[in-house]
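Student: Starting off with a structure, shown below.
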Amino acid sequence: MKCVAVGDMFLSEEAFARVLKHHALFCSYHGFSWKADLDRVSTRTLIRKIETKGSEAYAVEGELKEAMLDADVIFIHMCPVGKDIIEQAPHLKYIVTARGGVENIAVESAKKKGIRVIHCPMHNAFAVAELTVGLMICETRNVTRADRSLREGIWRESYPNTGSIRELRSMTVGLIGFGAIGQLVAQRLQPFGCSIMVHDPYLDASVIERLGCIAVDKKTLLQESDIVSLHGRIGPNDPPIIGREELKLMKPVSYLINTARAVLVDMPALEEALQNGSIMGAAIDVFPKEPLTKEDAVVQLDNCTLTNHRGGDTLDSYERSPELLLEQLQEAVQTGHTKYMI
């Protein structure tokens, strides 16, 4: 098979080449870099555009496009594979992405042509799951607020949740979305002894219950959870998973965690809920506008822990992804199936 691999600002072409270039599965290898020289601010803008506008957010042109059109298999991370490439590529069989999501791929066009899309939700799943549990503890136990106060010479004794601080073992955690990351979060929470509810309309309840969690509808989860953590996905034009109506269903002593996608939450509605005490607090890693400034409303809130899109920012999450992708592709070629194939 003719292989094309496209690196970027996060996952370099060199990382792809080390794993793919001389592999027996491929008769040729062509490596490219796509927008790899962007700074962090421009990168965040690029990610937001892809997450909101999908595979047509950026057009691929020139030598890269020509190589894609001649490929049997294309490996990517952030680079889009749009409808035009899929429709014009005469012998493309697989599109393999190091991302968990497939927003940058024209999936429906690929399906119509019988092109299989393989994605990699596990590449940063462990990193995001660890940060999610860490943010639950940081927000509920006032870790960052205490740290900031001590650095300012203040021994702070009163916090937004003073009098309502509980241990995880006495809490119910609700997970919306139970894919690779949601399941890893559940596994990491279980030793704490908390009750775990899950809402995922795409999974059978038996799968959720087999992993020691309680399958519930979304309304029940919002009404009964002490911590609501988001691990789902929505399409480019879908409404947020958490808006004003959903926030109204949550307990006044509950917390919202979002380490998934900014578009999952109506941020003005969340800011309003935090300001008026409709919910106790939140921990957020992803934002509609990045980077934040000190003037942004969410930065002014005392009952919110913020991190600057650090969910997948570990060496492991990028360095291992080409190996994981190759393993999946080999399985797909040999058997016709692999776990994360569309």
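Going through the structure tokens in order, the chains are called A, B, and so on, while each chain numbers its residues from 1 and the ligands are numbered from 1 in the order shown.
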Which polymer residues have any atom within 12 Å of an atom of Arg166 of chain A, counting only C-alpha atoms, with same-chain residues fewer than 3 positions away left out, as an NGL selection string?
Tutor: :A and (136-137 or 139-142 or 161-163 or 169-172 or 194 or 226-227 or 253-255)
Student: Take the residues that were just selected and, keeping C-alpha atoms, output them as a CSV table (one decimal), in the first residue's frame.
Tutor:
```csv
chain,number,residue,atom,x,y,z
A,136,MET,CA,-12.3,16.8,40.7
A,137,ILE,CA,-10.1,16.8,43.8
A,139,GLU,CA,-12.1,21.8,42.8
A,140,THR,CA,-13.9,20.1,45.6
A,141,ARG,CA,-11.0,20.4,48.1
A,142,ASN,CA,-9.9,23.9,47.1
A,161,ASN,CA,-18.0,25.4,49.5
A,162,THR,CA,-17.1,25.7,53.2
A,163,GLY,CA,-19.5,23.7,55.2
A,169,ARG,CA,-16.3,8.2,48.8
A,170,SER,CA,-19.6,9.9,49.8
A,171,MET,CA,-20.3,11.4,46.4
A,172,THR,CA,-22.1,10.3,43.3
A,194,CYS,CA,-17.8,6.7,45.1
A,226,ASP,CA,-22.6,15.5,43.0
A,227,ILE,CA,-20.0,15.8,40.3
A,253,VAL,CA,-23.9,21.6,45.9
A,254,SER,CA,-22.8,19.9,42.6
A,255,TYR,CA,-19.8,20.5,40.4
```
Student: Applying 12 Å and only C-alpha atoms, which residues near Arg18 of chain A remain after dropping the ones on its own chain fewer than 2 positions away? List them as a ChimeraX atom specification.
Tutor: /A:5,12-16,20-23,29,31,319-323,326
Student: So that I have them on file, write out the residues from the current selection with N, CA, C and O atoms, as a compact mmCIF listing (two decimals), in the first residue's frame.
Tutor:
```txt
# COMPACT_ATOMS: atom_id res chain seq x y z
N ALA A 5 1.76 10.09 5.42
CA ALA A 5 1.60 10.47 6.83
C ALA A 5 1.81 11.97 6.96
O ALA A 5 2.76 12.53 6.41
N SER A 12 4.74 14.96 15.32
CA SER A 12 5.63 15.27 14.20
C SER A 12 5.60 14.19 13.13
O SER A 12 5.28 13.02 13.39
N GLU A 13 5.97 14.60 11.92
CA GLU A 13 6.10 13.63 10.83
C GLU A 13 7.19 12.62 11.16
O GLU A 13 7.08 11.44 10.80
N GLU A 14 8.22 13.06 11.87
CA GLU A 14 9.30 12.16 12.25
C GLU A 14 8.80 11.02 13.13
O GLU A 14 9.27 9.88 13.02
N ALA A 15 7.84 11.33 14.01
CA ALA A 15 7.27 10.28 14.87
C ALA A 15 6.53 9.25 14.04
O ALA A 15 6.61 8.04 14.29
N PHE A 16 5.80 9.71 13.02
CA PHE A 16 5.15 8.77 12.10
C PHE A 16 6.20 7.95 11.35
O PHE A 16 6.07 6.73 11.21
N LEU A 20 6.40 3.95 10.62
CA LEU A 20 5.75 3.55 9.37
C LEU A 20 6.69 3.40 8.18
O LEU A 20 6.43 2.60 7.27
N LYS A 21 7.76 4.18 8.14
CA LYS A 21 8.53 4.36 6.91
C LYS A 21 9.04 3.06 6.31
O LYS A 21 9.00 2.87 5.09
N HIS A 22 9.52 2.16 7.12
CA HIS A 22 10.12 0.94 6.59
C HIS A 22 9.29 -0.30 6.89
O HIS A 22 9.79 -1.42 6.81
N HIS A 23 8.02 -0.08 7.22
CA HIS A 23 7.19 -1.24 7.56
C HIS A 23 6.79 -2.00 6.30
O HIS A 23 6.50 -1.41 5.26
N TYR A 29 6.37 5.29 1.25
CA TYR A 29 6.01 6.18 2.36
C TYR A 29 6.34 7.61 1.97
O TYR A 29 7.46 7.90 1.52
N GLY A 31 6.11 11.43 3.77
CA GLY A 31 5.81 12.17 4.99
C GLY A 31 5.72 13.67 4.74
O GLY A 31 6.49 14.23 3.94
N GLU A 319 3.73 10.24 21.67
CA GLU A 319 4.80 9.37 21.20
C GLU A 319 4.32 7.96 20.88
O GLU A 319 4.84 7.29 20.01
N ARG A 320 3.30 7.49 21.59
CA ARG A 320 2.84 6.12 21.38
C ARG A 320 1.77 6.01 20.31
O ARG A 320 1.46 4.91 19.87
N SER A 321 1.19 7.11 19.89
CA SER A 321 0.04 7.01 18.99
C SER A 321 0.35 6.38 17.63
O SER A 321 -0.47 5.59 17.13
N PRO A 322 1.48 6.65 16.96
CA PRO A 322 1.72 5.96 15.69
C PRO A 322 1.77 4.44 15.83
O PRO A 322 1.28 3.71 14.97
N GLU A 323 2.32 3.94 16.93
CA GLU A 323 2.36 2.50 17.17
C GLU A 323 0.94 1.94 17.32
O GLU A 323 0.61 0.88 16.76
N LEU A 326 -0.77 1.86 13.90
CA LEU A 326 -0.28 0.79 13.04
C LEU A 326 -0.85 -0.56 13.47
O LEU A 326 -1.25 -1.38 12.63
```
Student: With only C-alpha atoms as the counted atoms, please give the residues lying no more than 12 Å from Ser149 of chain A, apart from itself and same-chain residues fewer than 6 positions off, as a list in words.
Tutor: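 My reading of the contact set: Asn142, Val143, Trp155, Arg156, Glu157, Ser158, Tyr159 and Asp302 of chain A.
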Student: Smallest atom-to-atom distance to Pro236 of chain A: which of A:Ile115, A:Met68, A:Val102, A:Val4, using only C-alpha atoms?
Tutor: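 Under the stated criterion, the closest residue is A:Val102.
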Student: Check the DSSP output for the backbone and give back, as a VMD selection string, the residues of segment 38-100 of chain A in strand (DSSP E or B).
Tutor: chain A and resid 73 to 76 81 94 to 97
Student: Can you spit out the residues from that selection as a short mmCIF file (atom, residue, chain, number, x, y, z; two decimals), in the first residue's frame, using N, CA and C atoms?
Tutor:
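To be explicit, this is the file written out as part.cif:
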```cif
data_model
loop_
_atom_site.label_atom_id
_atom_site.label_comp_id
_atom_site.auth_asym_id
_atom_site.auth_seq_id
_atom_site.Cartn_x
_atom_site.Cartn_y
_atom_site.Cartn_z
N VAL A 73 -3.45 4.58 1.94
CA VAL A 73 -3.73 4.84 3.35
C VAL A 73 -3.12 6.18 3.74
N ILE A 74 -3.89 6.99 4.47
CA ILE A 74 -3.43 8.30 4.93
C ILE A 74 -3.45 8.31 6.45
N PHE A 75 -2.31 8.64 7.05
CA PHE A 75 -2.20 8.82 8.50
C PHE A 75 -2.18 10.32 8.79
N ILE A 76 -3.01 10.76 9.74
CA ILE A 76 -3.07 12.18 10.09
C ILE A 76 -3.23 12.34 11.60
N VAL A 81 -8.99 15.82 6.17
CA VAL A 81 -9.19 15.06 4.94
C VAL A 81 -10.63 15.32 4.53
N TYR A 94 -7.96 3.49 3.51
CA TYR A 94 -8.00 3.76 4.94
C TYR A 94 -7.57 5.20 5.23
N ILE A 95 -8.28 5.84 6.14
CA ILE A 95 -7.83 7.10 6.74
C ILE A 95 -7.64 6.81 8.22
N VAL A 96 -6.43 7.03 8.70
CA VAL A 96 -6.07 6.64 10.06
C VAL A 96 -5.65 7.88 10.83
N THR A 97 -6.40 8.23 11.88
CA THR A 97 -6.12 9.46 12.61
C THR A 97 -5.68 9.20 14.04
#
```
Student: Rounded to one decimal place, report the atom CA of Ile118 of chain A-atom CA of Thr45 of chain A distance in Å.
Tutor: 25.1 Å
Student: Can you tell me, as a compact mmCIF listing (two decimals) with N, CA and C atoms, in the first residue's frame, what residues are no more than 12 Å from Lys339 of chain A when counting only C-alpha atoms, ignoring any on the same chain fewer than 6 positions away?
Tutor:
```
# COMPACT_ATOMS: atom_id res chain seq x y z
N VAL A 117 -12.38 4.44 8.22
CA VAL A 117 -11.75 5.46 9.07
C VAL A 117 -11.40 4.81 10.40
N ILE A 118 -10.14 4.87 10.75
CA ILE A 118 -9.66 4.33 12.03
C ILE A 118 -9.22 5.50 12.89
N HIS A 119 -9.73 5.57 14.09
CA HIS A 119 -9.32 6.65 15.00
C HIS A 119 -8.69 6.06 16.25
N CYS A 120 -8.22 6.93 17.15
CA CYS A 120 -7.38 6.47 18.25
C CYS A 120 -7.75 7.16 19.56
N PRO A 121 -8.93 6.87 20.11
CA PRO A 121 -9.32 7.52 21.35
C PRO A 121 -8.40 7.20 22.53
N MET A 122 -7.61 6.14 22.40
CA MET A 122 -6.73 5.77 23.51
C MET A 122 -5.44 6.57 23.54
N GLY A 179 -17.03 6.38 26.51
CA GLY A 179 -16.07 5.79 25.60
C GLY A 179 -14.77 5.48 26.33
N ALA A 180 -13.66 5.55 25.61
CA ALA A 180 -12.37 5.18 26.19
C ALA A 180 -12.03 6.02 27.42
N LEU A 324 0.12 2.64 18.09
CA LEU A 324 -1.26 2.19 18.29
C LEU A 324 -2.03 2.18 16.98
N LEU A 325 -1.80 3.20 16.16
CA LEU A 325 -2.49 3.28 14.87
C LEU A 325 -2.06 2.15 13.95
N GLU A 327 -0.93 -0.78 14.77
CA GLU A 327 -1.51 -2.04 15.28
C GLU A 327 -2.96 -2.20 14.81
N GLN A 328 -3.71 -1.09 14.89
CA GLN A 328 -5.11 -1.15 14.45
C GLN A 328 -5.22 -1.39 12.94
N LEU A 329 -4.38 -0.70 12.18
CA LEU A 329 -4.42 -0.87 10.72
C LEU A 329 -4.08 -2.31 10.34
N GLN A 330 -3.06 -2.87 10.96
CA GLN A 330 -2.69 -4.25 10.66
C GLN A 330 -3.85 -5.21 10.94
N GLU A 331 -4.51 -4.99 12.07
CA GLU A 331 -5.66 -5.84 12.42
C GLU A 331 -6.78 -5.68 11.39
N ALA A 332 -7.02 -4.45 10.96
CA ALA A 332 -8.07 -4.20 9.97
C ALA A 332 -7.76 -4.86 8.64
```
Student: With the cut-off set at 12 Å and counting only C-alpha atoms, tabulate each residue of segment 247-325 of chain A with an atom at most that distance from an atom of segment 208-220 of chain A, showing the nearest atom pair and its distance in Å to one decimal, ordered by chain and increasing number, as a Markdown table.
Tutor:
```
| residue | atom | partner | partner_atom | distance |
| --- | --- | --- | --- | --- |
| A:Leu247 | CA | A:Lys219 | CA | 10.5 |
| A:Lys248 | CA | A:Lys219 | CA | 10.6 |
| A:Leu249 | CA | A:Lys219 | CA | 7.3 |
| A:Met250 | CA | A:Lys219 | CA | 9.0 |
| A:Lys251 | CA | A:Thr220 | CA | 11.3 |
```
Student: Could the residues in this selection be written to a file with C-alpha atoms, as a PDB file, in the first residue's frame?
Tutor:
```pdb
ATOM      1  CA  LEU A 247     -27.656  23.435  34.810  1.00  0.00           C
ATOM      2  CA  LYS A 248     -31.035  24.067  36.434  1.00  0.00           C
ATOM      3  CA  LEU A 249     -31.409  20.321  36.976  1.00  0.00           C
ATOM      4  CA  MET A 250     -28.117  20.022  38.861  1.00  0.00           C
ATOM      5  CA  LYS A 251     -27.867  20.171  42.657  1.00  0.00           C
TER       6      LYS A 251
END
```
Student: In terms of the shortest atom-to-atom distance over only C-alpha atoms, which of A:Ile50, A:Ile241, A:Val207, A:Ile342 is closest to Glu108 of chain A?
Tutor: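 Closest residue, counting only C-alpha atoms: A:Ile342.
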Student: Using DSSP on the backbone coordinates, identify all residues within segment 11-67 of chain A classified as alpha helix (DSSP H); present the result as a PyMOL selection string.
Tutor: chain A and resi 13-20+40-53+62-67
Student: When distances are computed from only C-alpha atoms, which of A:Leu46, A:Cys138, A:Leu150, A:Leu256 shows the smallest separation from Leu175 of chain A?
Tutor: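 So, comparing all the options, the nearest one is A:Leu256.
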